[in-house]
file my_file-v9.txt (compact mmCIF, N, CA and C atoms)
# COMPACT_ATOMS: atom_id res chain seq x y z
N ARG A 482 -15.55 -20.35 27.92
CA ARG A 482 -15.52 -20.70 29.32
C ARG A 482 -15.49 -19.45 30.16
N ARG A 483 -16.26 -19.44 31.18
CA ARG A 483 -16.29 -18.28 32.09
C ARG A 483 -15.08 -18.35 33.01
N ILE A 484 -14.34 -17.25 33.06
CA ILE A 484 -13.15 -17.23 33.92
C ILE A 484 -13.24 -16.18 35.01
N GLY A 485 -14.33 -15.44 35.05
CA GLY A 485 -14.44 -14.43 36.10
C GLY A 485 -15.69 -13.61 35.97
N ILE A 486 -15.75 -12.62 36.82
CA ILE A 486 -16.89 -11.72 36.83
C ILE A 486 -16.39 -10.31 37.09
N LEU A 487 -17.02 -9.34 36.46
CA LEU A 487 -16.64 -7.94 36.57
C LEU A 487 -17.90 -7.14 36.81
N GLY A 488 -17.84 -6.20 37.73
CA GLY A 488 -19.00 -5.36 37.98
C GLY A 488 -18.67 -4.15 38.82
N ALA A 489 -19.55 -3.17 38.76
CA ALA A 489 -19.38 -1.94 39.54
C ALA A 489 -20.05 -2.12 40.89
N LEU A 490 -19.40 -1.60 41.94
CA LEU A 490 -20.00 -1.64 43.27
C LEU A 490 -21.25 -0.78 43.30
N ASP A 491 -22.26 -1.24 44.00
CA ASP A 491 -23.49 -0.49 44.16
C ASP A 491 -23.19 0.85 44.83
N HIS A 492 -23.93 1.88 44.42
CA HIS A 492 -23.73 3.23 44.95
C HIS A 492 -23.87 3.28 46.48
N SER A 493 -24.80 2.49 47.01
CA SER A 493 -25.01 2.51 48.47
C SER A 493 -23.78 1.99 49.22
N ILE A 494 -23.08 1.03 48.64
CA ILE A 494 -21.85 0.51 49.27
C ILE A 494 -20.77 1.58 49.24
N CYS A 495 -20.64 2.23 48.08
CA CYS A 495 -19.64 3.31 47.96
C CYS A 495 -19.94 4.43 48.96
N SER A 496 -21.21 4.79 49.10
CA SER A 496 -21.60 5.86 50.05
C SER A 496 -21.26 5.47 51.48
N ALA A 497 -21.54 4.21 51.86
CA ALA A 497 -21.26 3.74 53.22
C ALA A 497 -19.76 3.83 53.53
N TRP A 498 -18.94 3.65 52.54
CA TRP A 498 -17.50 3.73 52.73
C TRP A 498 -16.96 5.12 52.39
N ARG A 499 -17.84 6.08 52.15
CA ARG A 499 -17.48 7.45 51.79
C ARG A 499 -16.55 7.51 50.56
N ILE A 500 -16.91 6.71 49.58
CA ILE A 500 -16.16 6.69 48.31
C ILE A 500 -17.00 7.45 47.29
N SER A 501 -16.41 8.46 46.66
CA SER A 501 -17.18 9.31 45.76
C SER A 501 -16.97 9.00 44.28
N VAL A 502 -16.08 8.08 43.98
CA VAL A 502 -15.84 7.71 42.58
C VAL A 502 -16.33 6.29 42.35
N PRO A 503 -16.70 5.95 41.13
CA PRO A 503 -17.14 4.58 40.86
C PRO A 503 -16.01 3.58 41.11
N ILE A 504 -16.35 2.44 41.68
CA ILE A 504 -15.39 1.38 41.95
C ILE A 504 -15.84 0.14 41.17
N VAL A 505 -14.89 -0.46 40.47
CA VAL A 505 -15.17 -1.68 39.72
C VAL A 505 -14.38 -2.81 40.35
N VAL A 506 -15.03 -3.97 40.49
CA VAL A 506 -14.41 -5.13 41.11
C VAL A 506 -14.34 -6.25 40.08
N LEU A 507 -13.21 -6.95 40.10
CA LEU A 507 -13.00 -8.07 39.19
C LEU A 507 -12.58 -9.28 40.00
N GLU A 508 -13.25 -10.40 39.77
CA GLU A 508 -12.85 -11.66 40.38
C GLU A 508 -12.52 -12.62 39.25
N VAL A 509 -11.31 -13.20 39.30
CA VAL A 509 -10.84 -14.06 38.21
C VAL A 509 -10.44 -15.42 38.75
N ALA A 510 -10.83 -16.47 38.03
CA ALA A 510 -10.36 -17.82 38.34
C ALA A 510 -8.95 -17.92 37.76
N LEU A 511 -7.96 -17.67 38.59
CA LEU A 511 -6.59 -17.55 38.13
C LEU A 511 -6.09 -18.79 37.40
N GLU A 512 -6.36 -19.97 37.91
CA GLU A 512 -5.90 -21.19 37.25
C GLU A 512 -6.44 -21.29 35.83
N THR A 513 -7.72 -20.99 35.67
CA THR A 513 -8.33 -21.05 34.34
C THR A 513 -7.70 -20.02 33.41
N LEU A 514 -7.46 -18.83 33.92
CA LEU A 514 -6.84 -17.78 33.12
C LEU A 514 -5.43 -18.19 32.70
N LEU A 515 -4.67 -18.74 33.62
CA LEU A 515 -3.30 -19.16 33.30
C LEU A 515 -3.29 -20.31 32.30
N GLU A 516 -4.23 -21.22 32.41
CA GLU A 516 -4.34 -22.31 31.43
C GLU A 516 -4.60 -21.75 30.04
N ALA A 517 -5.48 -20.75 29.96
CA ALA A 517 -5.79 -20.14 28.68
C ALA A 517 -4.55 -19.48 28.09
N GLY A 518 -3.70 -18.93 28.94
CA GLY A 518 -2.48 -18.29 28.49
C GLY A 518 -1.44 -19.27 28.00
N GLN A 519 -1.60 -20.55 28.30
CA GLN A 519 -0.65 -21.57 27.89
C GLN A 519 -0.89 -22.04 26.46
N ARG A 520 -2.02 -21.66 25.89
CA ARG A 520 -2.32 -22.10 24.53
C ARG A 520 -1.31 -21.51 23.56
N PRO A 521 -0.94 -22.32 22.56
CA PRO A 521 -0.02 -21.77 21.57
C PRO A 521 -0.69 -20.63 20.82
N GLY A 522 0.03 -19.58 20.61
CA GLY A 522 -0.51 -18.44 19.89
C GLY A 522 0.43 -18.04 18.79
N GLY A 523 0.20 -16.89 18.25
CA GLY A 523 1.06 -16.37 17.19
C GLY A 523 2.37 -15.87 17.77
N PRO A 524 3.23 -15.43 16.89
CA PRO A 524 4.52 -14.92 17.35
C PRO A 524 4.35 -13.64 18.17
N VAL A 525 5.26 -13.43 19.08
CA VAL A 525 5.26 -12.22 19.90
C VAL A 525 6.24 -11.25 19.27
N HIS A 526 5.79 -10.01 19.08
CA HIS A 526 6.63 -8.99 18.47
C HIS A 526 6.75 -7.81 19.42
N GLU A 527 7.88 -7.15 19.35
CA GLU A 527 8.05 -5.96 20.16
C GLU A 527 7.14 -4.85 19.64
N VAL A 528 6.76 -3.95 20.52
CA VAL A 528 5.96 -2.81 20.13
C VAL A 528 6.90 -1.80 19.46
N LEU A 529 6.56 -1.42 18.24
CA LEU A 529 7.42 -0.51 17.50
C LEU A 529 7.05 0.94 17.82
N VAL A 530 8.07 1.77 17.96
CA VAL A 530 7.84 3.15 18.36
C VAL A 530 7.87 4.13 17.18
N PHE A 531 8.35 3.68 16.05
CA PHE A 531 8.44 4.58 14.90
C PHE A 531 7.11 4.60 14.15
N PRO A 532 6.76 5.73 13.54
CA PRO A 532 5.46 5.85 12.89
C PRO A 532 5.33 4.97 11.66
N ALA A 533 4.10 4.58 11.40
CA ALA A 533 3.78 3.79 10.22
C ALA A 533 3.42 4.71 9.07
N ILE A 534 3.59 4.21 7.87
CA ILE A 534 3.17 4.92 6.66
C ILE A 534 2.23 4.00 5.90
N ARG A 535 1.06 4.53 5.54
CA ARG A 535 0.07 3.73 4.81
C ARG A 535 0.07 4.15 3.34
N ARG A 536 0.03 3.14 2.50
CA ARG A 536 -0.12 3.35 1.06
C ARG A 536 -1.24 2.43 0.59
N ASP A 537 -2.13 2.97 -0.23
CA ASP A 537 -3.24 2.18 -0.77
C ASP A 537 -2.97 1.86 -2.22
N VAL A 538 -3.57 0.78 -2.67
CA VAL A 538 -3.53 0.44 -4.08
C VAL A 538 -4.88 -0.14 -4.47
N ALA A 539 -5.43 0.37 -5.57
CA ALA A 539 -6.64 -0.19 -6.16
C ALA A 539 -6.22 -0.75 -7.51
N MET A 540 -6.72 -1.94 -7.81
CA MET A 540 -6.30 -2.57 -9.06
C MET A 540 -7.45 -3.34 -9.70
N LEU A 541 -7.40 -3.40 -11.02
CA LEU A 541 -8.35 -4.21 -11.77
C LEU A 541 -7.70 -5.55 -12.06
N LEU A 542 -8.45 -6.60 -11.78
CA LEU A 542 -7.96 -7.97 -11.97
C LEU A 542 -9.03 -8.79 -12.66
N ASP A 543 -8.60 -9.90 -13.26
CA ASP A 543 -9.59 -10.84 -13.77
C ASP A 543 -10.44 -11.32 -12.61
N GLU A 544 -11.72 -11.55 -12.88
CA GLU A 544 -12.67 -11.91 -11.83
C GLU A 544 -12.27 -13.18 -11.06
N GLY A 545 -11.53 -14.08 -11.69
CA GLY A 545 -11.14 -15.33 -11.04
C GLY A 545 -9.98 -15.22 -10.07
N ILE A 546 -9.28 -14.09 -10.07
CA ILE A 546 -8.15 -13.90 -9.15
C ILE A 546 -8.69 -13.76 -7.73
N THR A 547 -8.10 -14.51 -6.80
CA THR A 547 -8.57 -14.50 -5.41
C THR A 547 -7.69 -13.60 -4.54
N HIS A 548 -8.24 -13.25 -3.40
CA HIS A 548 -7.50 -12.49 -2.38
C HIS A 548 -6.24 -13.26 -2.00
N GLN A 549 -6.34 -14.56 -1.85
CA GLN A 549 -5.18 -15.38 -1.47
C GLN A 549 -4.08 -15.30 -2.52
N GLN A 550 -4.45 -15.25 -3.80
CA GLN A 550 -3.45 -15.12 -4.85
C GLN A 550 -2.73 -13.78 -4.75
N VAL A 551 -3.47 -12.72 -4.43
CA VAL A 551 -2.84 -11.41 -4.25
C VAL A 551 -1.85 -11.47 -3.09
N LEU A 552 -2.28 -12.06 -1.97
CA LEU A 552 -1.39 -12.17 -0.80
C LEU A 552 -0.15 -13.00 -1.13
N SER A 553 -0.30 -14.04 -1.91
CA SER A 553 0.85 -14.88 -2.29
C SER A 553 1.87 -14.10 -3.10
N VAL A 554 1.40 -13.28 -4.02
CA VAL A 554 2.33 -12.45 -4.81
C VAL A 554 3.04 -11.46 -3.90
N VAL A 555 2.31 -10.83 -3.01
CA VAL A 555 2.93 -9.87 -2.08
C VAL A 555 3.96 -10.57 -1.21
N ASP A 556 3.64 -11.78 -0.74
CA ASP A 556 4.58 -12.52 0.11
C ASP A 556 5.89 -12.83 -0.59
N LYS A 557 5.87 -13.01 -1.91
CA LYS A 557 7.09 -13.30 -2.66
C LYS A 557 8.09 -12.14 -2.60
N VAL A 558 7.58 -10.92 -2.58
CA VAL A 558 8.45 -9.74 -2.59
C VAL A 558 8.38 -8.94 -1.30
N ARG A 559 7.72 -9.50 -0.32
CA ARG A 559 7.40 -8.79 0.93
C ARG A 559 8.65 -8.20 1.59
N PRO A 560 8.71 -6.87 1.70
CA PRO A 560 9.83 -6.26 2.41
C PRO A 560 9.64 -6.41 3.92
N ALA A 561 10.72 -6.37 4.66
CA ALA A 561 10.65 -6.49 6.12
C ALA A 561 9.81 -5.37 6.72
N GLU A 562 9.74 -4.23 6.07
CA GLU A 562 9.01 -3.08 6.60
C GLU A 562 7.50 -3.16 6.39
N LEU A 563 7.02 -4.14 5.62
CA LEU A 563 5.58 -4.28 5.41
C LEU A 563 4.96 -4.91 6.65
N GLU A 564 4.19 -4.11 7.37
CA GLU A 564 3.62 -4.54 8.64
C GLU A 564 2.27 -5.23 8.46
N THR A 565 1.37 -4.62 7.69
CA THR A 565 0.05 -5.21 7.49
C THR A 565 -0.44 -4.97 6.06
N ILE A 566 -1.37 -5.84 5.66
CA ILE A 566 -2.08 -5.72 4.39
C ILE A 566 -3.55 -5.91 4.72
N ALA A 567 -4.38 -4.99 4.26
CA ALA A 567 -5.82 -5.11 4.53
C ALA A 567 -6.61 -4.84 3.26
N LEU A 568 -7.43 -5.80 2.89
CA LEU A 568 -8.36 -5.63 1.77
C LEU A 568 -9.51 -4.78 2.28
N PHE A 569 -9.77 -3.64 1.62
CA PHE A 569 -10.85 -2.78 2.12
C PHE A 569 -11.96 -2.52 1.11
N ASP A 570 -11.81 -2.99 -0.14
CA ASP A 570 -12.89 -2.78 -1.10
C ASP A 570 -12.81 -3.80 -2.22
N ILE A 571 -13.98 -4.31 -2.59
CA ILE A 571 -14.13 -5.19 -3.75
C ILE A 571 -15.30 -4.61 -4.54
N PHE A 572 -15.08 -4.41 -5.83
CA PHE A 572 -16.15 -3.84 -6.63
C PHE A 572 -16.14 -4.44 -8.02
N SER A 573 -17.32 -4.75 -8.51
CA SER A 573 -17.51 -5.12 -9.91
C SER A 573 -18.86 -4.57 -10.31
N GLY A 574 -19.05 -4.40 -11.59
CA GLY A 574 -20.32 -3.85 -12.04
C GLY A 574 -20.10 -2.60 -12.86
N LYS A 575 -20.98 -1.63 -12.69
CA LYS A 575 -20.97 -0.43 -13.49
C LYS A 575 -19.60 0.25 -13.46
N GLY A 576 -19.05 0.48 -14.65
CA GLY A 576 -17.75 1.12 -14.76
C GLY A 576 -16.58 0.15 -14.82
N ILE A 577 -16.83 -1.11 -14.52
CA ILE A 577 -15.79 -2.15 -14.58
C ILE A 577 -16.18 -3.12 -15.69
N GLU A 578 -15.27 -3.40 -16.60
CA GLU A 578 -15.60 -4.28 -17.72
C GLU A 578 -15.96 -5.68 -17.23
N ALA A 579 -16.81 -6.35 -17.99
CA ALA A 579 -17.25 -7.70 -17.65
C ALA A 579 -16.05 -8.63 -17.50
N GLY A 580 -16.11 -9.51 -16.51
CA GLY A 580 -15.03 -10.46 -16.26
C GLY A 580 -13.87 -9.89 -15.45
N ARG A 581 -14.03 -8.64 -15.00
CA ARG A 581 -13.00 -7.99 -14.20
C ARG A 581 -13.60 -7.52 -12.88
N LYS A 582 -12.74 -7.24 -11.91
CA LYS A 582 -13.17 -6.68 -10.63
C LYS A 582 -12.08 -5.76 -10.12
N SER A 583 -12.47 -4.88 -9.22
CA SER A 583 -11.53 -3.96 -8.59
C SER A 583 -11.33 -4.40 -7.15
N LEU A 584 -10.09 -4.54 -6.75
CA LEU A 584 -9.73 -4.83 -5.36
C LEU A 584 -8.88 -3.66 -4.86
N ALA A 585 -9.14 -3.21 -3.65
CA ALA A 585 -8.36 -2.13 -3.06
C ALA A 585 -7.77 -2.59 -1.73
N TYR A 586 -6.49 -2.33 -1.55
CA TYR A 586 -5.76 -2.77 -0.36
C TYR A 586 -5.07 -1.59 0.31
N ALA A 587 -4.94 -1.69 1.62
CA ALA A 587 -4.14 -0.74 2.40
C ALA A 587 -2.89 -1.49 2.87
N PHE A 588 -1.74 -0.93 2.58
CA PHE A 588 -0.45 -1.50 3.01
C PHE A 588 0.14 -0.57 4.06
N THR A 589 0.55 -1.13 5.18
CA THR A 589 1.17 -0.34 6.23
C THR A 589 2.64 -0.73 6.34
N TYR A 590 3.50 0.28 6.21
CA TYR A 590 4.95 0.08 6.28
C TYR A 590 5.48 0.73 7.54
N ARG A 591 6.45 0.06 8.18
CA ARG A 591 7.08 0.61 9.38
C ARG A 591 8.44 -0.07 9.57
N SER A 592 9.40 0.71 9.98
CA SER A 592 10.73 0.18 10.30
C SER A 592 10.86 0.04 11.81
N ALA A 593 11.55 -0.99 12.24
CA ALA A 593 11.81 -1.18 13.66
C ALA A 593 12.98 -0.31 14.13
N GLU A 594 13.79 0.19 13.19
CA GLU A 594 15.00 0.93 13.56
C GLU A 594 14.88 2.44 13.45
N ARG A 595 13.97 2.92 12.57
CA ARG A 595 13.93 4.36 12.34
C ARG A 595 12.64 4.73 11.61
N THR A 596 12.42 6.01 11.46
CA THR A 596 11.27 6.50 10.71
C THR A 596 11.56 6.37 9.22
N LEU A 597 10.65 5.74 8.49
CA LEU A 597 10.79 5.64 7.04
C LEU A 597 10.48 6.99 6.40
N THR A 598 11.16 7.29 5.32
CA THR A 598 10.82 8.49 4.55
C THR A 598 9.71 8.13 3.58
N ASP A 599 9.04 9.15 3.07
CA ASP A 599 8.02 8.91 2.05
C ASP A 599 8.62 8.23 0.83
N GLU A 600 9.82 8.64 0.45
CA GLU A 600 10.49 8.05 -0.72
C GLU A 600 10.75 6.57 -0.50
N GLU A 601 11.17 6.19 0.70
CA GLU A 601 11.41 4.78 0.99
C GLU A 601 10.12 3.98 0.93
N ALA A 602 9.07 4.51 1.54
CA ALA A 602 7.78 3.81 1.52
C ALA A 602 7.26 3.69 0.09
N ASN A 603 7.42 4.74 -0.69
CA ASN A 603 6.99 4.70 -2.09
C ASN A 603 7.75 3.65 -2.88
N ARG A 604 9.05 3.55 -2.64
CA ARG A 604 9.87 2.56 -3.34
C ARG A 604 9.42 1.14 -2.99
N LEU A 605 9.19 0.89 -1.69
CA LEU A 605 8.72 -0.43 -1.27
C LEU A 605 7.36 -0.74 -1.89
N HIS A 606 6.50 0.24 -1.91
CA HIS A 606 5.16 0.06 -2.46
C HIS A 606 5.21 -0.17 -3.97
N ASP A 607 6.10 0.54 -4.66
CA ASP A 607 6.25 0.36 -6.10
C ASP A 607 6.72 -1.04 -6.45
N GLU A 608 7.58 -1.61 -5.61
CA GLU A 608 8.04 -2.99 -5.85
C GLU A 608 6.88 -3.97 -5.76
N ILE A 609 6.00 -3.76 -4.80
CA ILE A 609 4.84 -4.64 -4.65
C ILE A 609 3.89 -4.46 -5.84
N LYS A 610 3.63 -3.22 -6.23
CA LYS A 610 2.75 -2.98 -7.38
C LYS A 610 3.33 -3.60 -8.64
N SER A 611 4.63 -3.52 -8.81
CA SER A 611 5.28 -4.11 -9.98
C SER A 611 5.08 -5.63 -10.00
N ALA A 612 5.21 -6.27 -8.85
CA ALA A 612 5.01 -7.73 -8.78
C ALA A 612 3.55 -8.09 -9.09
N LEU A 613 2.61 -7.28 -8.62
CA LEU A 613 1.19 -7.54 -8.90
C LEU A 613 0.90 -7.39 -10.39
N ARG A 614 1.51 -6.40 -11.03
CA ARG A 614 1.35 -6.23 -12.48
C ARG A 614 1.91 -7.45 -13.22
N LYS A 615 3.11 -7.85 -12.82
CA LYS A 615 3.82 -8.94 -13.52
C LYS A 615 3.13 -10.28 -13.31
N ASP A 616 2.83 -10.63 -12.06
CA ASP A 616 2.34 -11.98 -11.75
C ASP A 616 0.84 -12.16 -11.94
N LEU A 617 0.06 -11.09 -11.77
CA LEU A 617 -1.40 -11.22 -11.86
C LEU A 617 -2.00 -10.39 -12.99
N ASP A 618 -1.14 -9.75 -13.78
CA ASP A 618 -1.61 -8.86 -14.84
C ASP A 618 -2.57 -7.81 -14.30
N ALA A 619 -2.23 -7.31 -13.11
CA ALA A 619 -3.06 -6.29 -12.45
C ALA A 619 -2.89 -4.95 -13.16
N GLU A 620 -4.01 -4.28 -13.32
CA GLU A 620 -3.99 -2.91 -13.84
C GLU A 620 -4.16 -1.99 -12.65
N ILE A 621 -3.07 -1.33 -12.26
CA ILE A 621 -3.10 -0.46 -11.09
C ILE A 621 -3.89 0.79 -11.43
N ARG A 622 -4.83 1.11 -10.58
CA ARG A 622 -5.70 2.27 -10.80
C ARG A 622 -5.14 3.45 -10.04
N ASP A 623 -4.39 4.29 -10.72
CA ASP A 623 -3.87 5.50 -10.11
C ASP A 623 -4.91 6.59 -10.26
N HIS A 624 -5.25 7.21 -9.14
CA HIS A 624 -6.30 8.23 -9.16
C HIS A 624 -5.72 9.58 -9.36

call {"tool": "encode", "arguments": {"input": "my_file-v9.txt", "output": "C-alpha cells"}}
result
Amino acid sequence: RRIGILGALDHSICSAWRISVPIVVLEVALETLLEAGQRPGGPVHEVLVFPAIRRDVAMLLDEGITHQQVLSVVDKVRPAELETIALFDIFSGKGIEAGRKSLAYAFTYRSAERTLTDEEANRLHDEIKSALRKDLDAEIRDH
C-alpha cells in the first residue's frame, strides 16, 4: 500500500528561494502509517552497547540433516548471550564424502551487561559445538 511520496525539490525552486543545498520533501498519509504500526510484530529489544563477538563453525553432517534440525539443537543449549545464528555456506561434492554435506554458520555472541571476553565466547561456542556433535553426529571442521 502506498503511504506517501518522497522527492527532491527541483533545482529551479531551490534557486528561487536562494537555497544552495538539496532539499528533500516527504508527504505521508499519517493514518495509514499509524495503522501499519499497529500490526503485531516481533519482540522489541533494547539496543545493546557492548561489542559482539563472532565465532564460525563449519561441520560435516549427513545429507539428510536440515538447517531446522541444526537450529533446534542450538536452541536446546542456547545461551542468553547468543544473539544471532546465520547459515552462510552449504557445500557437497568434491572433497566431501558421498551422503554428507558441509554447513557453515556464523554465531554472534553479546552480553547486555558487559563486554564478553574471548574465553567466555569460546566457552559458549564450545558448548554449542558439543551439542551438535552429540545430537547430530556433526564432525566439526577445525581449520

call {"tool": "closest_residue", "arguments": {"input": "my_file-v9.txt", "among": "A:Val555, A:Leu617, A:Ala585, A:Ile500", "to": "Phe569 in chain A", "atoms": "all atoms listed in the file"}}
result
A:Ala585

call {"tool": "atom_distance", "arguments": {"input": "my_file-v9.txt", "atom1": "CA of Asp599 in chain A", "atom2": "CA of Lys582 in chain A"}}
result
29.2 Å

call {"tool": "residues_around", "arguments": {"input": "my_file-v9.txt", "residues": "range 621-623 of chain A", "least_positions_apart": "6", "cutoff": "12 Å", "atoms": "only C-alpha atoms", "output": "VMD selection string"}}
result
chain A and resid 536 to 542 577 582 to 586 606 to 607 609 to 615

call {"tool": "closest_residue", "arguments": {"input": "my_file-v9.txt", "among": "A:Ile546, A:Glu564, A:Lys575, A:Glu594", "to": "Asp616 in chain A", "atoms": "only C-alpha atoms"}}
result
A:Ile546

call {"tool": "select_by_dssp", "arguments": {"input": "my_file-v9.txt", "residues": "range 533-596 of chain A", "states": "alpha helix (DSSP H)", "output": "number ranges by chain"}}
result
A: 548-558

call {"tool": "residues_around", "arguments": {"input": "my_file-v9.txt", "residues": "Phe531 in chain A", "least_positions_apart": "6", "cutoff": "7 Å", "atoms": "all atoms listed in the file", "output": "number ranges by chain"}}
result
A: 591-597

call {"tool": "write_last_selection", "arguments": {"input": "my_file-v9.txt", "atoms": "N, CA and C atoms", "output": "short mmCIF file (atom, residue, chain, number, x, y, z; two decimals), keeping the file's coordinate frame"}}
result
data_model
loop_
_atom_site.label_atom_id
_atom_site.label_comp_id
_atom_site.auth_asym_id
_atom_site.auth_seq_id
_atom_site.Cartn_x
_atom_site.Cartn_y
_atom_site.Cartn_z
N ARG A 591 6.45 0.06 8.18
CA ARG A 591 7.08 0.61 9.38
C ARG A 591 8.44 -0.07 9.57
N SER A 592 9.40 0.71 9.98
CA SER A 592 10.73 0.18 10.30
C SER A 592 10.86 0.04 11.81
N ALA A 593 11.55 -0.99 12.24
CA ALA A 593 11.81 -1.18 13.66
C ALA A 593 12.98 -0.31 14.13
N GLU A 594 13.79 0.19 13.19
CA GLU A 594 15.00 0.93 13.56
C GLU A 594 14.88 2.44 13.45
N ARG A 595 13.97 2.92 12.57
CA ARG A 595 13.93 4.36 12.34
C ARG A 595 12.64 4.73 11.61
N THR A 596 12.42 6.01 11.46
CA THR A 596 11.27 6.50 10.71
C THR A 596 11.56 6.37 9.22
N LEU A 597 10.65 5.74 8.49
CA LEU A 597 10.79 5.64 7.04
C LEU A 597 10.48 6.99 6.40
#
